[in-house]
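Here is the file my_file.pdb (PDB, C-alpha atoms).
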```
MODEL        1
ATOM      1  CA  MET A   1     -89.915 -10.093-114.774
ATOM      2  CA  ARG A   2     -92.576  -8.201-112.890
ATOM      3  CA  ILE A   3     -91.383  -5.370-110.681
ATOM      4  CA  ASN A   4     -93.324  -4.581-107.542
ATOM      5  CA  SER A   5     -94.624  -1.026-107.950
ATOM      6  CA  ASP A   6     -94.228  -0.207-104.239
ATOM      7  CA  TRP A   7     -90.598  -1.296-104.329
ATOM      8  CA  LEU A   8     -89.986   0.779-107.465
ATOM      9  CA  ASN A   9     -91.565   3.870-105.944
ATOM     10  CA  THR A  10     -89.414   3.473-102.823
ATOM     11  CA  LEU A  11     -86.282   3.130-104.949
ATOM     12  CA  LEU A  12     -87.118   6.246-106.966
ATOM     13  CA  LEU A  13     -87.755   8.180-103.762
ATOM     14  CA  LEU A  14     -84.387   7.174-102.336
ATOM     15  CA  VAL A  15     -82.622   8.163-105.551
ATOM     16  CA  GLY A  16     -84.432  11.479-105.527
ATOM     17  CA  VAL A  17     -83.355  12.175-101.949
ATOM     18  CA  GLY A  18     -79.767  11.293-102.736
ATOM     19  CA  CYS A  19     -79.705  13.659-105.705
ATOM     20  CA  ALA A  20     -81.560  16.489-103.972
ATOM     21  CA  PRO A  21     -79.880  19.912-104.094
ATOM     22  CA  LEU A  22     -78.278  21.341-100.977
ATOM     23  CA  ALA A  23     -81.075  23.872-100.562
ATOM     24  CA  SER A  24     -82.097  22.327 -97.260
ATOM     25  CA  ALA A  25     -78.564  21.750 -96.025
ATOM     26  CA  GLN A  26     -77.788  23.415 -92.711
ATOM     27  CA  LEU A  27     -75.025  25.971 -92.457
ATOM     28  CA  THR A  28     -72.355  25.054 -89.960
ATOM     29  CA  VAL A  29     -71.317  28.228 -88.167
ATOM     30  CA  PHE A  30     -68.324  28.888 -85.896
ATOM     31  CA  ALA A  31     -69.085  31.925 -83.723
ATOM     32  CA  CYS A  32     -66.185  33.491 -81.864
ATOM     33  CA  GLU A  33     -68.444  34.906 -79.126
ATOM     34  CA  PRO A  34     -71.858  33.941 -77.709
ATOM     35  CA  GLU A  35     -73.526  37.171 -78.849
ATOM     36  CA  TYR A  36     -72.840  36.257 -82.457
ATOM     37  CA  ALA A  37     -73.917  32.662 -81.947
ATOM     38  CA  SER A  38     -77.215  34.099 -80.709
ATOM     39  CA  LEU A  39     -77.521  36.440 -83.681
ATOM     40  CA  VAL A  40     -76.830  33.592 -86.110
ATOM     41  CA  THR A  41     -79.578  31.544 -84.469
ATOM     42  CA  GLU A  42     -82.038  34.417 -84.930
ATOM     43  CA  LEU A  43     -81.313  34.485 -88.666
ATOM     44  CA  ALA A  44     -80.769  30.765 -89.256
ATOM     45  CA  PRO A  45     -82.575  28.774 -86.558
ATOM     46  CA  ASP A  46     -81.709  25.476 -88.265
ATOM     47  CA  ALA A  47     -77.985  26.199 -88.505
ATOM     48  CA  LYS A  48     -75.457  24.186 -86.550
ATOM     49  CA  VAL A  49     -73.919  26.883 -84.375
ATOM     50  CA  PHE A  50     -70.902  26.596 -82.080
ATOM     51  CA  SER A  51     -69.534  29.351 -79.848
ATOM     52  CA  ALA A  52     -65.797  29.298 -79.202
ATOM     53  CA  THR A  53     -66.151  31.244 -75.963
ATOM     54  CA  THR A  54     -68.634  31.796 -73.153
ATOM     55  CA  ALA A  55     -69.754  34.911 -71.319
ATOM     56  CA  PHE A  56     -67.413  33.925 -68.495
ATOM     57  CA  GLN A  57     -64.282  34.030 -70.662
ATOM     58  CA  ASP A  58     -62.160  36.964 -71.718
ATOM     59  CA  PRO A  59     -62.570  36.922 -75.523
ATOM     60  CA  HIS A  60     -59.116  38.436 -75.905
ATOM     61  CA  LEU A  61     -57.488  35.381 -74.318
ATOM     62  CA  VAL A  62     -58.468  32.052 -75.837
ATOM     63  CA  GLN A  63     -56.364  28.941 -76.379
ATOM     64  CA  ALA A  64     -56.408  27.382 -79.841
ATOM     65  CA  ARG A  65     -57.443  24.009 -78.433
ATOM     66  CA  PRO A  66     -57.796  20.928 -80.666
ATOM     67  CA  SER A  67     -61.564  20.969 -80.105
ATOM     68  CA  LEU A  68     -61.785  24.516 -81.483
ATOM     69  CA  ILE A  69     -59.618  23.584 -84.459
ATOM     70  CA  ALA A  70     -61.920  20.674 -85.235
ATOM     71  CA  LYS A  71     -65.001  22.906 -85.065
ATOM     72  CA  MET A  72     -63.464  25.494 -87.375
ATOM     73  CA  ARG A  73     -62.386  22.803 -89.815
ATOM     74  CA  ARG A  74     -66.051  21.897 -90.373
ATOM     75  CA  ALA A  75     -67.397  25.463 -90.522
ATOM     76  CA  ASP A  76     -69.034  26.999 -93.573
ATOM     77  CA  LEU A  77     -69.024  30.402 -91.872
ATOM     78  CA  ALA A  78     -67.062  31.982 -89.026
ATOM     79  CA  VAL A  79     -68.685  34.997 -87.346
ATOM     80  CA  CYS A  80     -66.485  37.098 -85.071
ATOM     81  CA  ALA A  81     -66.406  40.571 -83.533
ATOM     82  CA  GLY A  82     -63.268  41.646 -85.368
ATOM     83  CA  ALA A  83     -61.419  44.915 -84.722
ATOM     84  CA  GLU A  84     -58.524  42.727 -83.508
ATOM     85  CA  LEU A  85     -60.479  41.281 -80.576
ATOM     86  CA  GLU A  86     -59.533  37.737 -81.647
ATOM     87  CA  VAL A  87     -56.124  38.587 -83.077
ATOM     88  CA  GLY A  88     -54.346  36.522 -80.404
ATOM     89  CA  TRP A  89     -56.040  33.238 -81.298
ATOM     90  CA  LEU A  90     -58.172  33.288 -84.451
ATOM     91  CA  PRO A  91     -55.242  33.244 -86.938
ATOM     92  CA  MET A  92     -53.885  30.115 -85.240
ATOM     93  CA  LEU A  93     -57.263  28.400 -85.591
ATOM     94  CA  GLN A  94     -57.426  29.372 -89.238
ATOM     95  CA  MET A  95     -53.970  28.024 -89.925
ATOM     96  CA  LYS A  96     -54.390  24.735 -88.060
ATOM     97  CA  SER A  97     -57.902  24.028 -89.313
ATOM     98  CA  ALA A  98     -56.795  24.447 -92.948
ATOM     99  CA  ASN A  99     -60.353  25.323 -93.930
ATOM    100  CA  PRO A 100     -60.255  27.588 -97.007
ATOM    101  CA  LYS A 101     -63.879  28.644 -96.425
ATOM    102  CA  VAL A 102     -62.933  30.713 -93.368
ATOM    103  CA  ASN A 103     -59.552  32.039 -94.438
ATOM    104  CA  SER A 104     -58.922  35.771 -94.208
ATOM    105  CA  GLY A 105     -60.560  37.532 -97.116
ATOM    106  CA  GLY A 106     -62.846  34.597 -97.805
ATOM    107  CA  VAL A 107     -66.617  34.846 -98.064
ATOM    108  CA  GLY A 108     -66.944  32.480 -95.104
ATOM    109  CA  LEU A 109     -65.214  34.854 -92.663
ATOM    110  CA  PHE A 110     -67.493  37.562 -91.254
ATOM    111  CA  PHE A 111     -66.262  40.321 -88.955
ATOM    112  CA  ALA A 112     -68.976  42.400 -87.297
ATOM    113  CA  ALA A 113     -66.674  45.413 -86.951
ATOM    114  CA  GLU A 114     -66.262  45.557 -90.724
ATOM    115  CA  GLN A 115     -69.991  46.070 -91.221
ATOM    116  CA  THR A 116     -70.362  49.306 -89.245
ATOM    117  CA  ASP A 117     -68.422  52.143 -87.660
ATOM    118  CA  THR A 118     -66.567  51.612 -84.375
ATOM    119  CA  LEU A 119     -65.893  53.934 -81.467
ATOM    120  CA  ASP A 120     -62.416  54.932 -80.283
ATOM    121  CA  LYS A 121     -60.403  54.226 -83.425
ATOM    122  CA  LEU A 122     -56.731  55.133 -83.122
ATOM    123  CA  LYS A 123     -54.484  56.590 -85.801
ATOM    124  CA  GLN A 124     -51.629  54.544 -84.395
ATOM    125  CA  ALA A 125     -51.069  52.091 -81.574
ATOM    126  CA  ASP A 126     -48.203  50.189 -79.982
ATOM    127  CA  ARG A 127     -47.741  47.777 -77.097
ATOM    128  CA  SER A 128     -46.702  50.556 -74.718
ATOM    129  CA  MET A 129     -50.332  51.689 -74.757
ATOM    130  CA  GLY A 130     -51.567  48.354 -73.414
ATOM    131  CA  ASP A 131     -54.162  46.104 -75.016
ATOM    132  CA  VAL A 132     -55.727  48.718 -77.283
ATOM    133  CA  HIS A 133     -57.530  48.168 -80.568
ATOM    134  CA  GLN A 134     -56.424  50.466 -83.347
ATOM    135  CA  LEU A 135     -59.525  49.561 -85.375
ATOM    136  CA  GLY A 136     -61.816  50.660 -82.559
ATOM    137  CA  ASN A 137     -63.658  49.141 -79.637
ATOM    138  CA  PRO A 138     -64.780  45.633 -80.673
ATOM    139  CA  HIS A 139     -67.652  45.152 -78.174
ATOM    140  CA  LEU A 140     -70.252  46.270 -80.696
ATOM    141  CA  HIS A 141     -73.043  44.023 -79.492
ATOM    142  CA  PHE A 142     -74.076  46.561 -76.851
ATOM    143  CA  SER A 143     -75.037  49.100 -79.515
ATOM    144  CA  PRO A 144     -78.616  48.348 -80.641
ATOM    145  CA  THR A 145     -78.357  50.279 -83.910
ATOM    146  CA  ARG A 146     -75.112  48.542 -84.818
ATOM    147  CA  VAL A 147     -76.591  45.140 -83.979
ATOM    148  CA  LEU A 148     -79.292  45.728 -86.574
ATOM    149  CA  THR A 149     -76.734  46.822 -89.165
ATOM    150  CA  ILE A 150     -74.630  43.745 -88.449
ATOM    151  CA  ALA A 151     -77.670  41.477 -88.626
ATOM    152  CA  THR A 152     -78.570  42.850 -92.056
ATOM    153  CA  ALA A 153     -75.061  42.247 -93.358
ATOM    154  CA  LEU A 154     -74.936  38.778 -91.802
ATOM    155  CA  ALA A 155     -78.210  37.724 -93.431
ATOM    156  CA  GLY A 156     -76.765  38.862 -96.743
ATOM    157  CA  ARG A 157     -73.614  36.843 -96.190
ATOM    158  CA  MET A 158     -75.635  33.730 -95.346
ATOM    159  CA  ALA A 159     -77.639  34.187 -98.530
ATOM    160  CA  GLN A 160     -74.405  34.466-100.480
ATOM    161  CA  LEU A 161     -73.155  31.191 -99.003
ATOM    162  CA  ASP A 162     -76.520  29.438 -99.251
ATOM    163  CA  PRO A 163     -78.467  31.141-102.084
ATOM    164  CA  ASP A 164     -81.206  28.491-102.167
ATOM    165  CA  ASN A 165     -82.322  29.644 -98.718
ATOM    166  CA  ALA A 166     -81.805  33.381 -99.270
ATOM    167  CA  ALA A 167     -85.516  34.117 -98.907
ATOM    168  CA  ALA A 168     -85.641  32.373 -95.539
ATOM    169  CA  TYR A 169     -82.714  34.412 -94.214
ATOM    170  CA  GLN A 170     -84.417  37.623 -95.280
ATOM    171  CA  THR A 171     -87.686  36.564 -93.672
ATOM    172  CA  ASN A 172     -85.897  35.777 -90.411
ATOM    173  CA  LEU A 173     -84.040  39.089 -90.593
ATOM    174  CA  GLN A 174     -87.314  40.979 -90.985
ATOM    175  CA  ARG A 175     -88.814  39.099 -88.040
ATOM    176  CA  PHE A 176     -85.766  39.831 -85.869
ATOM    177  CA  SER A 177     -85.657  43.484 -86.953
ATOM    178  CA  LYS A 178     -89.311  44.001 -86.081
ATOM    179  CA  ARG A 179     -88.877  42.539 -82.596
ATOM    180  CA  TRP A 180     -85.594  44.415 -82.049
ATOM    181  CA  GLN A 181     -86.963  47.790 -83.132
ATOM    182  CA  ALA A 182     -89.934  47.306 -80.840
ATOM    183  CA  ALA A 183     -87.712  46.424 -77.878
ATOM    184  CA  VAL A 184     -85.197  49.288 -78.188
ATOM    185  CA  PRO A 185     -87.532  52.159 -77.171
ATOM    186  CA  GLN A 186     -88.786  50.079 -74.252
ATOM    187  CA  TRP A 187     -85.218  49.566 -73.033
ATOM    188  CA  GLN A 188     -84.500  53.265 -73.469
ATOM    189  CA  GLU A 189     -87.538  54.171 -71.392
ATOM    190  CA  GLN A 190     -86.528  51.733 -68.645
ATOM    191  CA  ALA A 191     -82.990  53.155 -68.626
ATOM    192  CA  ALA A 192     -83.932  56.860 -68.795
ATOM    193  CA  SER A 193     -82.822  57.462 -65.203
ATOM    194  CA  LEU A 194     -79.268  56.355 -66.061
ATOM    195  CA  LYS A 195     -78.568  59.247 -68.409
ATOM    196  CA  GLY A 196     -75.832  61.491 -67.049
ATOM    197  CA  LYS A 197     -74.712  59.039 -64.358
ATOM    198  CA  LYS A 198     -70.991  58.446 -63.821
ATOM    199  CA  VAL A 199     -69.274  55.151 -63.116
ATOM    200  CA  ILE A 200     -65.845  53.667 -62.680
ATOM    201  CA  GLY A 201     -65.439  50.708 -65.023
ATOM    202  CA  TYR A 202     -63.122  47.830 -65.731
ATOM    203  CA  HIS A 203     -61.641  48.046 -69.237
ATOM    204  CA  SER A 204     -63.891  49.521 -71.938
ATOM    205  CA  SER A 205     -66.116  46.441 -72.029
ATOM    206  CA  PHE A 206     -69.369  48.413 -71.908
ATOM    207  CA  ARG A 207     -68.282  51.386 -74.018
ATOM    208  CA  TYR A 208     -71.172  51.065 -76.466
ATOM    209  CA  LEU A 209     -73.751  50.397 -73.757
ATOM    210  CA  PHE A 210     -72.700  53.496 -71.850
ATOM    211  CA  ASP A 211     -72.591  55.572 -75.031
ATOM    212  CA  TRP A 212     -76.139  54.500 -75.886
ATOM    213  CA  LEU A 213     -77.578  55.082 -72.410
ATOM    214  CA  GLY A 214     -75.692  58.312 -71.700
ATOM    215  CA  ILE A 215     -73.539  56.913 -68.875
ATOM    216  CA  GLU A 216     -70.042  58.322 -68.466
ATOM    217  CA  GLN A 217     -67.163  56.062 -67.452
ATOM    218  CA  VAL A 218     -64.902  58.558 -65.716
ATOM    219  CA  ALA A 219     -62.127  56.183 -64.643
ATOM    220  CA  ASP A 220     -60.828  52.694 -65.324
ATOM    221  CA  LEU A 221     -59.741  50.073 -62.807
ATOM    222  CA  GLU A 222     -57.000  49.093 -65.260
ATOM    223  CA  PRO A 223     -53.876  51.267 -65.242
ATOM    224  CA  LYS A 224     -53.618  50.443 -68.950
ATOM    225  CA  PRO A 225     -55.972  48.362 -71.099
ATOM    226  CA  GLY A 226     -55.264  44.692 -70.515
ATOM    227  CA  LEU A 227     -53.318  45.202 -67.292
ATOM    228  CA  PRO A 228     -54.971  44.069 -64.047
ATOM    229  CA  PRO A 229     -55.684  46.679 -61.354
ATOM    230  CA  SER A 230     -52.553  47.390 -59.324
ATOM    231  CA  SER A 231     -52.512  48.566 -55.713
ATOM    232  CA  ALA A 232     -50.906  51.850 -56.710
ATOM    233  CA  HIS A 233     -53.480  52.516 -59.410
ATOM    234  CA  LEU A 234     -56.410  51.644 -57.154
ATOM    235  CA  ALA A 235     -55.022  53.984 -54.492
ATOM    236  CA  SER A 236     -54.880  56.752 -57.088
ATOM    237  CA  LEU A 237     -58.600  56.256 -57.785
ATOM    238  CA  LEU A 238     -59.606  56.884 -54.166
ATOM    239  CA  ALA A 239     -59.720  60.636 -54.504
ATOM    240  CA  ARG A 240     -61.732  60.436 -57.721
ATOM    241  CA  GLY A 241     -64.125  57.985 -56.143
ATOM    242  CA  LYS A 242     -64.699  60.181 -53.106
ATOM    243  CA  ALA A 243     -65.636  63.195 -55.218
ATOM    244  CA  GLY A 244     -69.277  62.329 -54.654
ATOM    245  CA  ASP A 245     -70.433  62.203 -58.261
ATOM    246  CA  ILE A 246     -69.797  58.504 -58.945
ATOM    247  CA  SER A 247     -72.804  56.168 -58.826
ATOM    248  CA  ALA A 248     -71.220  52.713 -59.079
ATOM    249  CA  ILE A 249     -68.293  50.550 -60.124
ATOM    250  CA  THR A 250     -69.005  48.201 -63.023
ATOM    251  CA  VAL A 251     -67.245  44.979 -64.004
ATOM    252  CA  ALA A 252     -68.028  42.232 -66.486
ATOM    253  CA  GLY A 253     -68.897  38.774 -65.264
ATOM    254  CA  TYR A 254     -65.566  37.289 -66.391
ATOM    255  CA  GLN A 255     -63.424  39.998 -64.819
ATOM    256  CA  ASP A 256     -61.764  39.705 -61.412
ATOM    257  CA  ARG A 257     -63.792  41.899 -59.070
ATOM    258  CA  ARG A 258     -61.293  42.032 -56.186
ATOM    259  CA  GLY A 259     -59.967  45.433 -57.209
ATOM    260  CA  ALA A 260     -63.506  46.761 -57.590
ATOM    261  CA  ASP A 261     -64.465  45.423 -54.154
ATOM    262  CA  TRP A 262     -61.357  46.960 -52.564
ATOM    263  CA  LEU A 263     -62.145  50.371 -54.001
ATOM    264  CA  ALA A 264     -65.873  50.131 -53.349
ATOM    265  CA  GLU A 265     -65.330  49.335 -49.683
ATOM    266  CA  ARG A 266     -63.218  52.453 -49.196
ATOM    267  CA  ILE A 267     -65.430  54.920 -51.027
ATOM    268  CA  GLY A 268     -68.829  53.415 -50.256
ATOM    269  CA  LEU A 269     -69.974  52.564 -53.768
ATOM    270  CA  PRO A 270     -71.884  49.530 -55.059
ATOM    271  CA  VAL A 271     -70.244  47.091 -57.476
ATOM    272  CA  VAL A 272     -72.419  46.032 -60.405
ATOM    273  CA  VAL A 273     -71.372  42.784 -62.090
ATOM    274  CA  LEU A 274     -72.875  42.765 -65.584
ATOM    275  CA  PRO A 275     -73.119  39.855 -68.025
ATOM    276  CA  MET A 276     -70.785  40.517 -70.915
ATOM    277  CA  SER A 277     -72.610  38.293 -73.345
ATOM    278  CA  VAL A 278     -75.435  35.849 -73.897
ATOM    279  CA  GLY A 279     -75.349  33.178 -71.198
ATOM    280  CA  GLY A 280     -73.807  35.489 -68.624
ATOM    281  CA  ASP A 281     -76.735  35.034 -66.253
ATOM    282  CA  GLU A 282     -80.064  33.241 -66.158
ATOM    283  CA  GLN A 283     -81.915  36.054 -67.914
ATOM    284  CA  SER A 284     -79.380  36.490 -70.724
ATOM    285  CA  ARG A 285     -80.485  33.546 -72.831
ATOM    286  CA  ASP A 286     -80.405  35.562 -76.045
ATOM    287  CA  LEU A 287     -79.602  39.119 -77.113
ATOM    288  CA  PHE A 288     -82.978  40.390 -75.936
ATOM    289  CA  GLY A 289     -82.452  38.870 -72.501
ATOM    290  CA  LEU A 290     -78.908  40.247 -72.338
ATOM    291  CA  TYR A 291     -80.075  43.825 -72.881
ATOM    292  CA  ALA A 292     -82.930  43.411 -70.425
ATOM    293  CA  SER A 293     -80.549  42.030 -67.810
ATOM    294  CA  VAL A 294     -77.893  44.750 -67.963
ATOM    295  CA  ILE A 295     -80.511  47.522 -67.853
ATOM    296  CA  GLN A 296     -82.344  45.893 -64.968
ATOM    297  CA  GLN A 297     -79.145  45.490 -62.971
ATOM    298  CA  LEU A 298     -77.931  49.027 -63.637
ATOM    299  CA  THR A 299     -81.248  50.678 -62.785
ATOM    300  CA  GLY A 300     -81.591  48.490 -59.718
ATOM    301  CA  VAL A 301     -78.381  49.884 -58.249
ATOM    302  CA  ILE A 302     -77.771  53.313 -59.776
ATOM    303  CA  GLN A 303     -80.189  55.909 -58.439
TER     304      GLN A 303
ENDMDL
END
```
What would you get if you wrote out this structure as structure tokens?
Amino acid sequence: MRINSDWLNTLLLLVGVGCAPLASAQLTVFACEPEYASLVTELAPDAKVFSATTAFQDPHLVQARPSLIAKMRRADLAVCAGAELEVGWLPMLQMKSANPKVNSGGVGLFFAAEQTDTLDKLKQADRSMGDVHQLGNPHLHFSPTRVLTIATALAGRMAQLDPDNAAAYQTNLQRFSKRWQAAVPQWQEQAASLKGKKVIGYHSSFRYLFDWLGIEQVADLEPKPGLPPSSAHLASLLARGKAGDISAITVAGYQDRRGADWLAERIGLPVVVLPMSVGGDEQSRDLFGLYASVIQQLTGVIQ
């Protein structure tokens, strides 16, 4: 029997493809917040990335919907802020998805807050203090130095999960780091006029941003973290707002701005609505755009 050589070559090629190692396999990544979905994409542009939340959602309050459970069930890696930001919903997703790869303590679960230091850690905390985070403020993505530290650790974790592509993750990390380190001094120069300015904020959403830029949040629209602004609390802020040293009131895009508007109207201050994460406005298409947007909006209002 004579075997057609073209047919044989095709058969061998198909067998070879079927037996190929998983070196080219894409990581499937479940990101708890858009900022980490964006960071994953910088380091692994071919990964299948899903974000559980958007910039218009409070990341503290998420429902463990069936669609999220299904996404986590298929994930090789879950990347989250940590520091108890997702404590109200992530454990439920882990339990219902029954995916051992992303269980607590597993190599497939990555918490950004565990890779660097956090601001505002507490020695102890209880519910009477409101929605506080004993492990520190979890909104680390507005600290440029911490972002780079987290990116380095994340690239290492990806290499651990997918060692055949370790070199590619390191190459992408170096490319991201170079662009990031070039952008940071430019942002600092653009934001130089903000140093020393005082604002009234909503929650501690921009704690790291303000710490980096030298802005002081002197009061909070929340009477306690996690509690919406009450009439009595807003009234108590009137005197502080009229002191003459406040430049603006800041809120995140997902936060209710009615309290900010009420206070701003009575003390004559502008309200700045800032994107909390990637996708929060047209400019914030990635982490670079997010930083550019918040600085542009702050400098455009605060003189």
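Residues in contact with range 38-50 of chain A at up to 7 Å, not including ones fewer than 5 positions away on its chain and judged by only C-alpha atoms, are Gln26, Leu27, Thr28, Val29, Phe30, Ala31, Ala155, Tyr169, Asn172, Leu173, Phe176, Asp286 and Leu287 of chain A.
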Item to check | Spatial sel., origin (-71.9, 49.6, -61.8), limit 12 Å, all atoms listed in the file, listed as a VMD selection string | outcome: chain A and resid 194 197 to 202 206 210 215 to 217 246 to 253 257 260 to 261 264 269 to 275 294 to 303
Item to check | Shell of 7 Å around range 108-120 of chain A, all atoms listed in the file, local chain residues under 2 positions omitted, as a VMD selection string | outcome: chain A and resid 76 to 83 101 to 106 122 136 to 138 146 149 to 150 153
Checklist entry - What do you get, as an MDAnalysis selection string, if you spell out every residue that the PyMOL selection byres ((chain A and resi 227-236) around 10) selects here? => result chainID A and resid 130:131 202:203 220:226 237:241 255:260 262:263 266
Checklist entry - Using only C-alpha atoms, which of the listed residues (A:Ser193, A:Ala183, A:Gly289, A:Asp245) sits closest to Val218 in chain A? => result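 Among the listed residues, A:Asp245 lies closest to Val218 in chain A.
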Item to check | Who sits within 12 Å of Pro185 in chain A, all atoms listed in the file, same chain under 3 positions skipped, as a ChimeraX atom specification | outcome: /A:144-145,179-182,188-192,212-213,291-292
Item to check | Computed interatomic separation between CA of Ser277 in chain A and CA of Ala37 in chain A (Å) | outcome: 10.4 Å
